[in-house]
file target.txt (compact mmCIF, C-alpha atoms)
# COMPACT_ATOMS: atom_id res chain seq x y z
CA MET A 1 0.39 -1.57 -1.01
CA HIS A 2 -1.85 -4.34 -2.23
CA THR A 3 -3.29 -5.24 -5.55
CA TYR A 4 -6.93 -5.98 -5.00
CA LEU A 5 -7.17 -9.42 -6.63
CA PRO A 6 -4.99 -11.36 -4.12
CA SER A 7 -6.79 -9.63 -1.22
CA PHE A 8 -10.11 -10.60 -2.78
CA LEU A 9 -8.97 -14.21 -3.22
CA ILE A 10 -7.79 -14.40 0.41
CA LEU A 11 -11.15 -12.92 1.43
CA LEU A 12 -13.14 -15.34 -0.74
CA GLY A 13 -11.18 -18.31 0.63
CA THR A 14 -11.89 -17.09 4.16
CA VAL A 15 -15.62 -16.70 3.44
CA ILE A 16 -15.77 -20.25 2.01
CA PHE A 17 -13.91 -21.53 5.09
CA GLN A 18 -16.33 -19.57 7.28
CA THR A 19 -19.40 -21.17 5.70
CA THR A 20 -18.06 -24.74 5.43
CA ILE A 21 -15.45 -25.53 8.10
CA ALA A 22 -16.10 -22.92 10.84
CA PRO A 23 -19.60 -24.30 11.67
CA HIS A 24 -17.92 -27.66 12.49
CA LEU A 25 -15.77 -25.84 15.06
CA ARG A 26 -18.83 -24.59 16.95
CA ILE A 27 -18.41 -24.82 20.74
CA MET A 28 -21.17 -23.85 23.20
CA GLY A 29 -23.19 -22.32 20.38
CA VAL A 30 -20.46 -20.04 19.05
CA GLN A 31 -18.07 -20.39 16.14
CA PRO A 32 -14.89 -18.54 15.19
CA ASP A 33 -15.33 -15.50 12.94
CA LEU A 34 -12.44 -15.69 10.49
CA ILE A 35 -13.66 -12.76 8.44
CA LEU A 36 -13.40 -10.60 11.55
CA ILE A 37 -9.88 -11.87 12.30
CA LEU A 38 -8.81 -11.26 8.68
CA THR A 39 -10.31 -7.75 8.71
CA VAL A 40 -8.49 -6.87 11.93
CA THR A 41 -5.20 -8.32 10.64
CA TYR A 42 -5.40 -6.30 7.40
CA ALA A 43 -6.34 -3.19 9.40
CA PHE A 44 -3.30 -3.58 11.68
CA ILE A 45 -1.02 -3.82 8.66
CA ASP A 46 -2.61 -1.32 6.28
CA GLY A 47 -4.57 1.12 8.43
CA PRO A 48 -8.17 2.27 8.70
CA VAL A 49 -9.03 2.84 5.01
CA TYR A 50 -7.96 -0.63 3.85
CA GLY A 51 -9.30 -2.17 7.09
CA SER A 52 -12.75 -0.65 6.66
CA ALA A 53 -12.82 -1.45 2.92
CA LEU A 54 -11.89 -5.08 3.59
CA GLY A 55 -14.47 -5.23 6.39
CA PHE A 56 -17.06 -3.82 3.98
CA PHE A 57 -16.40 -6.37 1.23
CA GLY A 58 -15.89 -9.24 3.71
CA GLY A 59 -19.23 -8.48 5.36
CA LEU A 60 -20.89 -8.09 1.96
CA LEU A 61 -19.62 -11.49 0.71
CA GLN A 62 -20.57 -13.13 4.01
CA ASP A 63 -24.07 -11.66 3.83
CA PHE A 64 -24.59 -12.44 0.15
CA ILE A 65 -23.53 -16.07 0.51
CA ILE A 66 -25.48 -17.10 3.57
CA ALA A 67 -27.19 -14.34 5.59
CA ARG A 68 -30.90 -13.58 5.60
CA ASN A 69 -30.42 -9.80 5.89
CA VAL A 70 -27.77 -8.43 3.58
CA GLY A 71 -26.03 -5.47 5.22
CA LEU A 72 -25.80 -6.36 8.92
CA ASN A 73 -22.30 -7.83 8.68
CA VAL A 74 -21.30 -5.12 6.20
CA ILE A 75 -21.82 -2.31 8.71
CA SER A 76 -20.35 -4.08 11.73
CA LYS A 77 -17.25 -5.32 9.90
CA THR A 78 -16.66 -1.92 8.21
CA ILE A 79 -16.66 -0.14 11.57
CA VAL A 80 -14.48 -2.80 13.21
CA GLY A 81 -12.00 -2.61 10.30
CA TYR A 82 -11.78 1.15 10.72
CA ILE A 83 -11.31 1.09 14.51
CA ALA A 84 -8.69 -1.69 14.29
CA GLY A 85 -6.89 0.32 11.58
CA LEU A 86 -6.53 3.27 13.95
CA LEU A 87 -4.30 1.03 16.09
CA LYS A 88 -1.94 0.46 13.14
CA GLU A 89 1.06 2.28 14.54
CA ASN A 90 0.39 1.16 18.10
CA VAL A 91 0.38 -2.56 17.34
CA PHE A 92 3.69 -4.35 17.13
CA ILE A 93 2.45 -6.90 14.65
CA GLU A 94 5.13 -9.50 15.41
CA SER A 95 3.85 -9.70 18.99
CA MET A 96 0.82 -11.83 19.77
CA PHE A 97 -0.51 -10.18 22.92
CA LEU A 98 -1.95 -6.93 21.59
CA PRO A 99 -3.53 -8.41 18.42
CA VAL A 100 -5.23 -11.13 20.50
CA VAL A 101 -6.60 -8.53 22.95
CA ALA A 102 -7.61 -6.31 20.02
CA ILE A 103 -9.43 -9.22 18.34
CA PHE A 104 -11.25 -9.91 21.64
CA LEU A 105 -12.41 -6.26 21.77
CA ALA A 106 -13.13 -6.12 18.02
CA SER A 107 -15.34 -9.18 18.41
CA ILE A 108 -17.34 -7.49 21.18
CA VAL A 109 -17.75 -4.31 19.07
CA ASP A 110 -18.73 -6.37 15.98
CA GLN A 111 -21.32 -8.46 17.83
CA THR A 112 -22.77 -5.43 19.66
CA ILE A 113 -23.25 -3.46 16.42
CA TYR A 114 -24.73 -6.55 14.75
CA LEU A 115 -27.07 -7.09 17.69
CA ILE A 116 -28.33 -3.48 17.75
CA LEU A 117 -28.90 -3.46 13.97
CA GLY A 118 -30.49 -6.92 14.07
CA PHE A 119 -32.89 -5.73 16.76
CA THR A 120 -33.74 -2.66 14.65
CA PHE A 121 -34.55 -4.95 11.72
CA GLY A 122 -36.81 -7.28 13.66
CA TYR A 123 -34.61 -9.92 15.31
CA GLN A 124 -35.75 -11.02 18.77
CA ILE A 125 -32.70 -10.52 20.94
CA PRO A 126 -32.73 -11.94 24.49
CA PHE A 127 -30.85 -8.90 25.84
CA LYS A 128 -30.85 -10.28 29.39
CA ASN A 129 -28.28 -13.04 28.85
CA VAL A 130 -26.93 -12.25 25.43
CA PHE A 131 -23.62 -10.83 26.66
CA TYR A 132 -22.71 -13.94 28.69
CA ARG A 133 -24.28 -16.44 26.31
CA VAL A 134 -23.06 -15.18 22.94
CA ILE A 135 -20.98 -11.99 22.88
CA LEU A 136 -18.43 -12.95 25.56
CA PRO A 137 -17.97 -16.64 24.55
CA SER A 138 -17.66 -15.55 20.94
CA ALA A 139 -15.00 -12.94 21.81
CA VAL A 140 -13.07 -15.47 23.90
CA TYR A 141 -13.27 -18.08 21.12
CA ASN A 142 -12.16 -15.58 18.46
CA SER A 143 -9.19 -14.45 20.52
CA ILE A 144 -8.13 -18.08 21.26
CA PHE A 145 -8.57 -18.97 17.60
CA SER A 146 -6.55 -15.91 16.56
CA PHE A 147 -3.50 -17.40 18.35
CA PHE A 148 -3.36 -19.92 15.50
CA ILE A 149 -4.83 -18.02 12.58
CA TYR A 150 -3.44 -14.48 13.11
CA PRO A 151 0.21 -15.43 12.44
CA ALA A 152 -0.88 -17.39 9.34
CA TYR A 153 -2.88 -14.44 8.02
CA ARG A 154 -0.04 -12.04 8.82
CA ARG A 155 2.41 -14.16 6.80
CA LEU A 156 -0.06 -14.54 3.96
CA ILE A 157 -0.67 -10.78 3.79
CA ALA A 158 3.09 -10.04 4.01
CA TYR A 159 3.70 -12.50 1.16
CA GLU A 160 0.90 -10.91 -0.84
CA SER A 161 2.36 -7.38 -0.24
CA ARG A 162 5.81 -8.52 -1.33
CA TYR A 163 4.32 -10.11 -4.45
CA SER A 164 2.36 -6.91 -5.16
CA LEU A 165 5.45 -4.70 -4.80
CA LEU A 166 7.41 -6.88 -7.19
CA LYS A 167 4.75 -6.46 -9.85
CA MET B 1 -1.36 9.88 17.96
CA TYR B 2 -1.43 8.04 14.73
CA LEU B 3 -2.82 10.38 12.15
CA HIS B 4 -2.31 13.89 10.90
CA SER B 5 -5.54 15.88 10.66
CA GLY B 6 -5.54 15.71 6.81
CA SER B 7 -5.33 11.94 6.58
CA ARG B 8 -7.68 11.56 9.54
CA LYS B 9 -10.25 13.65 7.66
CA LYS B 10 -9.78 11.46 4.57
CA ASN B 11 -10.18 8.31 6.69
CA ASN B 12 -13.33 9.65 8.33
CA ILE B 13 -14.81 10.46 4.92
CA THR B 14 -14.03 6.90 3.73
CA LEU B 15 -15.64 5.41 6.82
CA GLY B 16 -18.66 7.73 6.49
CA LEU B 17 -19.16 6.76 2.83
CA LEU B 18 -18.84 3.03 3.51
CA VAL B 19 -21.26 3.17 6.47
CA ILE B 20 -23.81 5.17 4.44
CA LEU B 21 -23.47 2.66 1.60
CA SER B 22 -23.88 -0.22 4.08
CA ILE B 23 -27.05 1.30 5.57
CA PHE B 24 -28.34 1.88 2.04
CA ILE B 25 -27.73 -1.80 1.14
CA LEU B 26 -29.34 -3.00 4.38
CA THR B 27 -32.43 -0.83 3.90
CA ILE B 28 -32.89 -1.71 0.23
CA HIS B 29 -32.51 -5.45 0.92
CA PHE B 30 -35.01 -5.22 3.77
CA LYS B 31 -37.57 -3.28 1.72
CA GLU B 32 -37.30 -4.84 -1.73
CA GLY B 33 -39.15 -8.02 -2.64
CA PRO B 34 -37.56 -11.39 -3.47
CA ASP B 35 -37.18 -10.26 -7.08
CA GLY B 36 -35.28 -7.10 -6.14
CA LEU B 37 -31.75 -6.44 -7.38
CA LEU B 38 -29.95 -7.35 -4.12
CA HIS B 39 -31.93 -10.57 -3.72
CA ARG B 40 -31.03 -11.49 -7.28
CA ILE B 41 -27.34 -10.73 -6.61
CA GLN B 42 -27.62 -12.88 -3.48
CA ARG B 43 -29.01 -15.80 -5.48
CA VAL B 44 -26.22 -15.42 -8.05
CA SER B 45 -23.60 -15.33 -5.22
CA ILE B 46 -25.07 -18.50 -3.70
CA GLY B 47 -24.99 -20.13 -7.14
CA ILE B 48 -21.37 -19.11 -7.85
CA THR B 49 -19.96 -20.17 -4.48
CA ALA B 50 -22.02 -23.38 -4.21
CA PRO B 51 -19.55 -25.56 -6.21
CA LEU B 52 -16.66 -24.29 -4.04
CA GLN B 53 -18.64 -25.01 -0.87
CA ALA B 54 -19.68 -28.41 -2.21
CA GLY B 55 -16.03 -29.29 -2.94
CA VAL B 56 -14.81 -28.27 0.53
CA THR B 57 -17.75 -30.02 2.21
CA LYS B 58 -17.02 -33.22 0.25
CA ILE B 59 -13.42 -33.18 1.51
CA ILE B 60 -14.56 -32.57 5.12
CA ASN B 61 -17.18 -35.31 4.91
CA SER B 62 -14.76 -37.89 3.51
CA PHE B 63 -12.23 -36.96 6.21
CA SER B 64 -14.78 -37.20 9.01
CA SER B 65 -16.21 -40.46 7.63
CA ASN B 66 -12.67 -41.97 7.69
CA VAL B 67 -12.26 -40.83 11.30
CA ASN B 68 -15.69 -42.26 12.11
CA PHE B 69 -14.74 -45.57 10.44
CA ILE B 70 -11.71 -45.95 12.72
CA THR B 71 -13.72 -45.20 15.89
CA ASP B 72 -16.59 -47.38 14.66
CA VAL B 73 -14.34 -50.46 14.42
CA PHE B 74 -13.69 -50.23 18.16
CA ASN B 75 -17.37 -49.95 18.99
CA LEU B 76 -18.58 -52.68 16.62
CA ARG B 77 -18.90 -55.60 19.05
CA GLU B 78 -20.84 -53.58 21.63
CA GLU B 79 -23.03 -52.07 18.91
CA ASN B 80 -23.77 -55.50 17.46
CA ARG B 81 -24.94 -56.78 20.85
CA LYS B 82 -27.20 -53.73 21.29
CA LEU B 83 -28.63 -54.05 17.79
CA LYS B 84 -29.54 -57.72 18.30
CA LYS B 85 -31.38 -56.82 21.48
CA GLU B 86 -33.11 -53.89 19.77
CA ASN B 87 -34.03 -56.09 16.81
CA GLU B 88 -35.88 -58.50 19.11
CA LYS B 89 -37.84 -55.61 20.64
CA LEU B 90 -38.65 -54.16 17.22
CA LYS B 91 -39.96 -57.52 15.95
CA HIS B 92 -42.51 -57.55 18.76
CA LYS B 93 -43.38 -53.90 18.14
CA PHE B 94 -43.76 -54.52 14.40
CA ILE B 95 -46.39 -57.20 14.97
CA PHE B 96 -48.22 -54.90 17.37
CA TYR B 97 -48.15 -51.93 14.95
CA LYS B 98 -49.18 -54.11 12.01
CA GLU B 99 -52.34 -54.98 13.92
CA ILE B 100 -52.97 -51.30 14.65
CA GLU B 101 -52.37 -50.40 10.99
CA ASN B 102 -54.90 -52.99 9.84
CA GLU B 103 -57.42 -51.72 12.35
CA ASN B 104 -56.74 -48.13 11.31
CA SER B 105 -57.22 -48.99 7.66
CA ARG B 106 -60.52 -50.75 8.41
CA LEU B 107 -61.79 -47.78 10.43
CA ARG B 108 -60.78 -45.28 7.72
CA LYS B 109 -62.73 -47.23 5.14
CA LEU B 110 -65.62 -47.43 7.53
CA ILE B 111 -65.90 -43.63 7.93
CA GLY B 112 -64.94 -42.87 4.32
CA PHE B 113 -61.76 -40.99 5.26
CA GLU B 114 -59.15 -40.30 2.60
CA GLU B 115 -55.86 -42.20 2.79
CA ARG B 116 -52.88 -40.56 4.46
CA LEU B 117 -51.42 -37.64 2.55
CA LYS B 118 -48.29 -38.47 0.59
CA TYR B 119 -45.57 -36.07 -0.40
CA ARG B 120 -42.89 -36.26 -3.02
CA THR B 121 -39.42 -35.71 -1.61
CA LEU B 122 -36.01 -34.87 -3.03
CA PRO B 123 -32.79 -35.64 -1.12
CA ALA B 124 -30.05 -32.99 -0.90
CA GLN B 125 -26.65 -32.55 0.72
CA ILE B 126 -25.67 -29.64 2.97
CA ILE B 127 -22.75 -27.71 1.52
CA GLY B 128 -22.66 -24.62 3.75
CA LYS B 129 -23.82 -23.37 7.14
CA SER B 130 -24.56 -19.97 8.64
CA SER B 131 -21.44 -17.97 9.19
CA ASN B 132 -22.30 -16.23 12.44
CA ASP B 133 -23.85 -16.88 15.83
CA TRP B 134 -27.07 -14.92 15.25
CA GLN B 135 -28.63 -16.60 12.25
CA SER B 136 -29.35 -20.25 11.56
CA SER B 137 -29.39 -21.25 7.93
CA ILE B 138 -27.77 -23.80 5.64
CA ILE B 139 -26.94 -24.03 1.95
CA ILE B 140 -27.96 -27.21 0.10
CA ASP B 141 -26.76 -28.55 -3.25
CA LYS B 142 -30.14 -28.44 -5.05
CA GLY B 143 -31.76 -25.41 -6.65
CA TYR B 144 -34.46 -24.41 -9.09
CA ALA B 145 -32.88 -26.61 -11.78
CA ASP B 146 -34.00 -29.52 -9.58
CA GLY B 147 -37.51 -28.13 -9.23
CA LEU B 148 -37.10 -26.39 -5.88
CA THR B 149 -38.97 -23.20 -5.04
CA LYS B 150 -39.17 -20.85 -2.07
CA ASN B 151 -41.04 -22.04 1.07
CA MET B 152 -40.63 -25.77 0.41
CA PRO B 153 -40.37 -27.66 3.72
CA VAL B 154 -37.15 -29.45 4.63
CA PHE B 155 -36.83 -32.38 7.05
CA THR B 156 -34.81 -35.48 7.99
CA SER B 157 -35.90 -38.84 9.38
CA ASP B 158 -35.55 -37.26 12.85
CA GLY B 159 -37.93 -34.37 12.18
CA LEU B 160 -38.43 -30.89 10.76
CA VAL B 161 -35.38 -28.87 9.68
CA GLY B 162 -36.85 -25.68 8.20
CA GLN B 163 -37.92 -24.16 4.90
CA ILE B 164 -36.27 -22.90 1.72
CA VAL B 165 -35.90 -19.12 1.63
CA GLN B 166 -33.64 -18.45 -1.38
CA VAL B 167 -33.26 -20.51 -4.55
CA ALA B 168 -30.33 -20.32 -7.00
CA PRO B 169 -30.00 -22.59 -10.08
CA ASN B 170 -27.80 -25.18 -8.34
CA ALA B 171 -28.16 -24.36 -4.64
CA SER B 172 -30.69 -23.10 -2.11
CA GLN B 173 -30.67 -21.43 1.28
CA VAL B 174 -32.70 -23.10 4.02
CA GLN B 175 -33.83 -21.20 7.11
CA LEU B 176 -33.63 -23.56 10.12
CA ILE B 177 -36.39 -23.70 12.73
CA LEU B 178 -33.74 -22.38 15.18
CA ASP B 179 -33.51 -19.05 13.32
CA GLN B 180 -35.10 -16.14 15.14
CA LYS B 181 -37.06 -15.21 12.02
CA SER B 182 -38.52 -18.70 11.76
CA GLY B 183 -42.11 -19.30 12.86
CA VAL B 184 -43.71 -22.73 12.43
CA GLY B 185 -47.36 -23.63 13.07
CA VAL B 186 -47.23 -26.56 15.52
CA GLN B 187 -49.41 -28.75 17.68
CA ILE B 188 -48.86 -30.39 21.06
CA LEU B 189 -49.63 -34.07 20.45
CA SER B 190 -50.86 -34.85 23.97
CA THR B 191 -53.30 -31.91 24.31
CA GLY B 192 -54.05 -31.07 20.67
CA GLU B 193 -53.41 -27.35 21.27
CA THR B 194 -51.88 -25.36 18.44
CA GLY B 195 -49.30 -22.59 18.63
CA VAL B 196 -46.34 -21.06 16.84
CA LEU B 197 -42.78 -22.30 17.31
CA GLN B 198 -40.50 -19.26 17.28
CA GLY B 199 -36.74 -19.78 16.75
CA GLN B 200 -34.41 -18.66 19.54
CA ILE B 201 -30.72 -17.92 19.61
CA ASN B 202 -30.07 -20.50 22.39
CA GLY B 203 -31.12 -23.43 20.16
CA PHE B 204 -34.36 -24.06 22.04
CA PRO B 205 -37.28 -22.54 20.08
CA GLU B 206 -40.16 -21.08 22.10
CA LEU B 207 -43.68 -22.44 21.70
CA GLU B 208 -45.94 -19.38 21.75
CA PHE B 209 -49.68 -18.82 22.23
CA ILE B 210 -50.30 -21.78 24.55
CA SER B 211 -52.67 -20.85 27.37
CA LYS B 212 -51.35 -20.89 30.94
CA ASN B 213 -54.17 -23.35 31.73
CA SER B 214 -52.78 -25.87 29.26
CA GLU B 215 -51.95 -29.34 30.59
CA VAL B 216 -48.78 -29.60 28.50
CA LYS B 217 -45.92 -31.39 30.28
CA VAL B 218 -42.15 -31.63 29.90
CA GLY B 219 -41.42 -34.41 27.38
CA ASP B 220 -44.60 -33.86 25.32
CA GLU B 221 -44.04 -34.23 21.58
CA ILE B 222 -44.57 -31.29 19.21
CA VAL B 223 -45.54 -31.82 15.56
CA THR B 224 -46.37 -29.47 12.71
CA SER B 225 -50.02 -28.39 12.75
CA GLY B 226 -50.37 -27.87 9.00
CA LEU B 227 -51.74 -24.37 9.65
CA GLY B 228 -50.12 -21.66 7.57
CA GLY B 229 -49.87 -23.73 4.40
CA VAL B 230 -46.08 -24.16 4.35
CA PHE B 231 -45.48 -27.28 6.42
CA PRO B 232 -47.58 -30.43 6.09
CA LYS B 233 -49.35 -31.65 9.20
CA GLY B 234 -47.76 -34.24 11.47
CA ILE B 235 -43.99 -33.85 11.00
CA LEU B 236 -42.19 -34.33 14.32
CA VAL B 237 -40.53 -31.10 15.45
CA GLY B 238 -39.34 -31.59 19.01
CA LYS B 239 -40.11 -32.24 22.67
CA VAL B 240 -41.00 -29.81 25.45
CA VAL B 241 -37.98 -29.26 27.71
CA SER B 242 -39.08 -26.44 29.98
CA LEU B 243 -42.29 -24.77 31.12
CA ARG B 244 -42.82 -21.53 33.01
CA ILE B 245 -45.69 -19.21 33.83
CA ASP B 246 -44.70 -15.56 33.93
CA GLY B 247 -46.66 -13.46 36.47
CA TYR B 248 -49.25 -11.62 34.39
CA SER B 249 -48.89 -13.45 31.10
CA LEU B 250 -51.92 -15.26 29.71
CA ASN B 251 -49.67 -17.84 28.09
CA LYS B 252 -47.18 -20.41 29.27
CA GLN B 253 -43.53 -19.91 28.40
CA ILE B 254 -42.62 -23.19 26.74
CA TYR B 255 -39.24 -24.16 25.27
CA VAL B 256 -38.79 -27.03 22.86
CA LYS B 257 -35.74 -29.15 22.05
CA PRO B 258 -35.79 -30.04 18.33
CA THR B 259 -35.55 -33.77 17.56
CA VAL B 260 -33.09 -32.98 14.78
CA ASP B 261 -29.47 -32.62 15.89
CA PHE B 262 -28.52 -29.57 13.83
CA SER B 263 -24.82 -29.97 14.57
CA LYS B 264 -24.83 -33.34 12.76
CA LEU B 265 -26.98 -32.51 9.75
CA GLY B 266 -25.81 -34.30 6.62
CA GLU B 267 -28.46 -35.31 4.10
CA ILE B 268 -31.89 -33.72 4.19
CA LEU B 269 -35.17 -34.22 2.32
CA ILE B 270 -37.23 -31.52 0.64
CA ILE B 271 -40.97 -31.84 0.10
CA THR B 272 -41.37 -30.78 -3.51
CA ASN B 273 -45.17 -30.63 -3.65
CA PRO B 274 -46.49 -27.95 -1.32
CA PRO B 275 -49.13 -28.86 1.30
CA LEU B 276 -51.55 -26.25 -0.04
CA LYS B 277 -52.47 -28.65 -2.83
CA PRO B 278 -51.96 -31.98 -1.12
CA PRO B 279 -51.57 -35.01 -3.36
CA PHE B 280 -53.24 -38.12 -2.10
CA ALA B 281 -52.22 -41.73 -1.98
CA GLY B 282 -51.84 -43.35 -5.31
CA GLU B 283 -49.92 -40.45 -6.83
CA GLU B 284 -46.51 -41.15 -8.23
CA GLU B 285 -43.74 -40.80 -5.60
call {"tool": "encode", "arguments": {"input": "target.txt", "output": "structure tokens"}}
result
Amino acid sequence: MHTYLPSFLILLGTVIFQTTIAPHLRIMGVQPDLILILTVTYAFIDGPVYGSALGFFGGLLQDFIIARNVGLNVISKTIVGYIAGLLKENVFIESMFLPVVAIFLASIVDQTIYLILGFTFGYQIPFKNVFYRVILPSAVYNSIFSFFIYPAYRRLIAYESRYSLLK
Amino acid sequence: MYLHSGSRKKNNITLGLLVILSIFILTIHFKEGPDGLLHRIQRVSIGITAPLQAGVTKIINSFSSNVNFITDVFNLREENRKLKKENEKLKHKFIFYKEIENENSRLRKLIGFEERLKYRTLPAQIIGKSSNDWQSSIIIDKGYADGLTKNMPVFTSDGLVGQIVQVAPNASQVQLILDQKSGVGVQILSTGETGVLQGQINGFPELEFISKNSEVKVGDEIVTSGLGGVFPKGILVGKVVSLRIDGYSLNKQIYVKPTVDFSKLGEILIITNPPLKPPFAGEEE
């Protein structure tokens, strides 16, 4: 179980990182999505309810701080958090292989939902090349990045859970 | 399987509620005006997180400037040689342009034309950048406490950056010309034709509404046209990098490479007096 304040602080720190440092790590037009990786990590550990709730608030913070349309990230991250949470008992969280593959797939789902909603709300999406130009590179980048960041998040969340249980 | 039917039902209800709430937020934000509740919350969020972003950005900038200093030392001799050569060229150019300026001034007086428009500018630092691959915006460290308002144009010495779309007390959100929702009235310098520069996800905005009979060429410079009342006329925007005529289209498909390198944006300038009421030379700067 988690108390909500530490989770919120981890989330806020991640959102700040996402808006300040992540853009400097942009390669071939894509940047790592740490909020997605954090959502998936929480979902693996705590299941679909906490995963979707964290995705909801992560997307909301992300949208409020920098996005033009508030709500697009909220929906995509909520759904991704839920789906990743369904894998809870099937993911051996100490292993790296399955989480990295899951983050690759979660990234594709997240971007696809975002793209469809963005199109609905007036964004011009070049559907022809978008998979190869954005969705796939982004998924590859997120999964490579998760090699480094997933274990750190996992330890941070485990530490936070231990701290919460002691309280 | 992971879940019993009872907890699965509970999970589905949670997901359903969160998705409905998300769609509600998205719809309200899309429909409400800039003074709506969600827009106000957004401005407050930008204002609250701005100091945190500014702090982190300051650390990153000092780190990268130290790294740059080390690499710069190695390149100094070569750079010095280049600069001396460039300086010689510029001296010649300066004399040439001075003559043109004098001639221009004489001709303006002759036809009774007003002096060149002058705009007041305010410098600002970038403290945050868009957090996903679909939108292009930045957060700057100046807000309405510094006199900024929505729609003010933003540029650097290299060219146009974008316009302010949200203003908090101590920070503002700037929509870049790369953003798909950005549309800038522009002009092709060589032909004088005007069109709209529409942001694209690939970083090369598309110049729309240029006839397929246009004589525009790759390398032609694009500047703001001043039409639309947001951007003043004559700010450099970019250069044409590709041209195509699609079968039945009446217009050319033209892509432009912005002159601003958005990956290296640091300090930007904001025009604080809108072009709708242009101040003329002689006003305080």
call {"tool": "interface_residues", "arguments": {"input": "target.txt", "of": "chain A", "to": "chain B", "cutoff": "6 Å", "atoms": "all atoms listed in the file", "output": "VMD selection string"}}
result
chain A and resid 18 to 20 30 49 64 to 66 70 to 71 74 to 75
call {"tool": "atom_distance", "arguments": {"input": "target.txt", "atom1": "CA of Leu12 in chain A", "atom2": "CA of Leu54 in chain A"}}
result
11.2 Å
call {"tool": "atom_distance", "arguments": {"input": "target.txt", "atom1": "CA of Pro153 in chain B", "atom2": "CA of Ser242 in chain B"}}
result
26.3 Å
call {"tool": "atom_distance", "arguments": {"input": "target.txt", "atom1": "CA of Tyr132 in chain A", "atom2": "CA of Phe209 in chain B"}}
result
28.2 Å
call {"tool": "residues_around", "arguments": {"input": "target.txt", "residues": "range 99-109 of chain A", "least_positions_apart": "6", "cutoff": "10 Å", "atoms": "all atoms listed in the file", "output": "PyMOL selection string"}}
result
chain A and resi 32-33+36-41+44+76-77+79-81+83-84+87+91-93+115+131+134-147+150-151
call {"tool": "closest_residue", "arguments": {"input": "target.txt", "among": "A:Ile157, A:Gly85, A:Leu34, A:Gly51", "to": "Gly13 in chain A", "atoms": "only C-alpha atoms"}}
result
A:Leu34
call {"tool": "residues_near_point", "arguments": {"input": "target.txt", "point": "(-33.7, -37.8, -6.7)", "cutoff": "12 Å", "atoms": "all atoms listed in the file", "output": "count of residues only"}}
result
16
call {"tool": "residues_around", "arguments": {"input": "target.txt", "residues": "Glu208 in chain B", "least_positions_apart": "3", "cutoff": "12 Å", "atoms": "all atoms listed in the file", "output": "PyMOL selection string"}}
result
chain B and resi 183-188+193-200+205+211-212+243-244+249-256
call {"tool": "write_last_selection", "arguments": {"input": "target.txt", "atoms": "C-alpha atoms", "output": "CSV table (one decimal), in the coordinates of the input"}}
result
chain,number,residue,atom,x,y,z
B,183,GLY,CA,-42.1,-19.3,12.9
B,184,VAL,CA,-43.7,-22.7,12.4
B,185,GLY,CA,-47.4,-23.6,13.1
B,186,VAL,CA,-47.2,-26.6,15.5
B,187,GLN,CA,-49.4,-28.8,17.7
B,188,ILE,CA,-48.9,-30.4,21.1
B,193,GLU,CA,-53.4,-27.4,21.3
B,194,THR,CA,-51.9,-25.4,18.4
B,195,GLY,CA,-49.3,-22.6,18.6
B,196,VAL,CA,-46.3,-21.1,16.8
B,197,LEU,CA,-42.8,-22.3,17.3
B,198,GLN,CA,-40.5,-19.3,17.3
B,199,GLY,CA,-36.7,-19.8,16.8
B,200,GLN,CA,-34.4,-18.7,19.5
B,205,PRO,CA,-37.3,-22.5,20.1
B,211,SER,CA,-52.7,-20.8,27.4
B,212,LYS,CA,-51.4,-20.9,30.9
B,243,LEU,CA,-42.3,-24.8,31.1
B,244,ARG,CA,-42.8,-21.5,33.0
B,249,SER,CA,-48.9,-13.4,31.1
B,250,LEU,CA,-51.9,-15.3,29.7
B,251,ASN,CA,-49.7,-17.8,28.1
B,252,LYS,CA,-47.2,-20.4,29.3
B,253,GLN,CA,-43.5,-19.9,28.4
B,254,ILE,CA,-42.6,-23.2,26.7
B,255,TYR,CA,-39.2,-24.2,25.3
B,256,VAL,CA,-38.8,-27.0,22.9
